[in-house]
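Visitor: Take this structure first; my questions come after.
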Amino acid sequence: MIRHATLEDLNILLDLDNDIEYSEMENIIKLERVLVYENEDKLIGWLRYNMFWDHIPFLNKLYILKPYRNKGIGLELMNYWETELRAMGHYLAMTSSLAEESAQHFYRKLEYQDAGSFVLPGENLEIIFVKQLGQV
């Protein structure tokens with residue numbers, strides 16, 4: 001089952017997601033920008049996003065716990081998110097992946113297009129992806 005995260009999910013999400021601060025996770029949960037995937041009342045995956053340039057949804061994290069990977073859960077979360085974005089009137093979505101991560105292939109299969117890349121000091125190449133969700 002896919003649903004929006006609630007503040008009751010905050011601690012478990014923070015235990016599993018080390019890439020975000022407490023206050024930021026709390027804020028995006030309140031803004032309904034975190035989706036969770038549950039199986040038998042157990043959180044097994046999540047998707048969180050924010051807004052690029054304050055108006056383009058940017059997927060910051062899609063994560064499925066290891067025992068549940070390669071079962072279509074990531075695809076379900078992405079489809080749910082994109083459908084929700086369209087319903088909110090968004091016609092473009094963005095995300096990124098490090099060049100050495102396999103996630104780039106997943107996003108390309110979902111019709112995300114390469115839109116550029118950059119390298120931060122001490123980091124590897126980050127690839128930016130965009131997807132047109134419908135007519136502007």
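Each chain in the structure tokens gets a letter, A, B, ..., in the order shown, and its residues are numbered from 1; ligands are numbered from 1 in order too.
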Find the residues near A:Arg48: any atom within 7 Å, counting only C-alpha atoms, skip ones fewer than 4 places away on the same chain, and give them as a compact mmCIF listing (two decimals) with C-alpha atoms, in the first residue's frame.
Guide:
```txt
# COMPACT_ATOMS: atom_id res chain seq x y z
CA ARG A 33 6.22 15.24 -0.09
CA VAL A 34 7.06 11.81 1.30
CA LEU A 35 5.36 8.65 0.08
CA LEU A 59 12.88 13.46 -6.55
CA ASN A 60 15.53 13.45 -3.83
CA LYS A 61 15.31 9.84 -2.75
CA LEU A 62 13.69 6.60 -3.81
```
Visitor: Could you name the residues that touch A:Asp19 at 12 Å or less, counting only C-alpha atoms, but leaving out those on the same chain fewer than 2 positions away, as a list in words?
Guide: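 In the requested format, the answer is Leu13, Leu14, Asp15, Leu16, Asp17, Glu21, Tyr22, Glu24, Met25, Arg48, Asn60, Lys61, Leu62 and Tyr63 of chain A.
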Visitor: Check which residues of stretch 90-113 of chain A sit at most 10 Å from stretch 73-82 of chain A using only C-alpha atoms, and return one row each with the closest pair of atoms and their distance in Å to one decimal, ordered by chain and rising number, as a Markdown table.
Guide:
```
| residue | atom | partner | partner_atom | distance |
| --- | --- | --- | --- | --- |
| A:His90 | CA | A:Glu82 | CA | 8.8 |
| A:Tyr91 | CA | A:Glu82 | CA | 9.1 |
| A:Leu92 | CA | A:Glu82 | CA | 9.2 |
| A:Ala93 | CA | A:Glu82 | CA | 7.8 |
| A:Phe106 | CA | A:Leu75 | CA | 8.8 |
| A:Tyr107 | CA | A:Met78 | CA | 9.5 |
| A:Leu110 | CA | A:Leu75 | CA | 8.4 |
```
Visitor: Would you save the residues from that selection as a compact mmCIF listing (two decimals), in the first residue's frame, using N, CA and C atoms?
Guide:
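part.txt, written as the output of this step:
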```
# COMPACT_ATOMS: atom_id res chain seq x y z
N HIS A 90 1.42 19.60 -12.23
CA HIS A 90 2.83 19.62 -12.61
C HIS A 90 3.00 18.82 -13.90
N TYR A 91 3.78 19.37 -14.81
CA TYR A 91 3.98 18.72 -16.10
C TYR A 91 5.44 18.38 -16.37
N LEU A 92 6.27 18.55 -15.36
CA LEU A 92 7.67 18.21 -15.47
C LEU A 92 8.15 17.68 -14.13
N ALA A 93 8.98 16.64 -14.15
CA ALA A 93 9.58 16.10 -12.93
C ALA A 93 11.08 15.96 -13.18
N PHE A 106 17.31 2.78 -14.35
CA PHE A 106 15.91 2.72 -13.93
C PHE A 106 15.16 3.96 -14.40
N TYR A 107 15.73 5.14 -14.17
CA TYR A 107 15.07 6.39 -14.57
C TYR A 107 14.94 6.49 -16.09
N LEU A 110 12.07 4.64 -17.36
CA LEU A 110 10.83 5.35 -17.07
C LEU A 110 10.68 6.62 -17.91
```
Visitor: Between A:Met1, A:Asp54, A:Asn18, A:Lys71, which has the minimum distance to A:Glu40 (counting only C-alpha atoms)?
Guide: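 Closest candidate: A:Met1.
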Visitor: From a backbone DSSP assignment, name each residue in stretch 11-128 of chain A labelled helix (DSSP H, G or I), as a ChimeraX atom specification.
Guide: /A:11-16,22-30,66-68,73-87,103-109
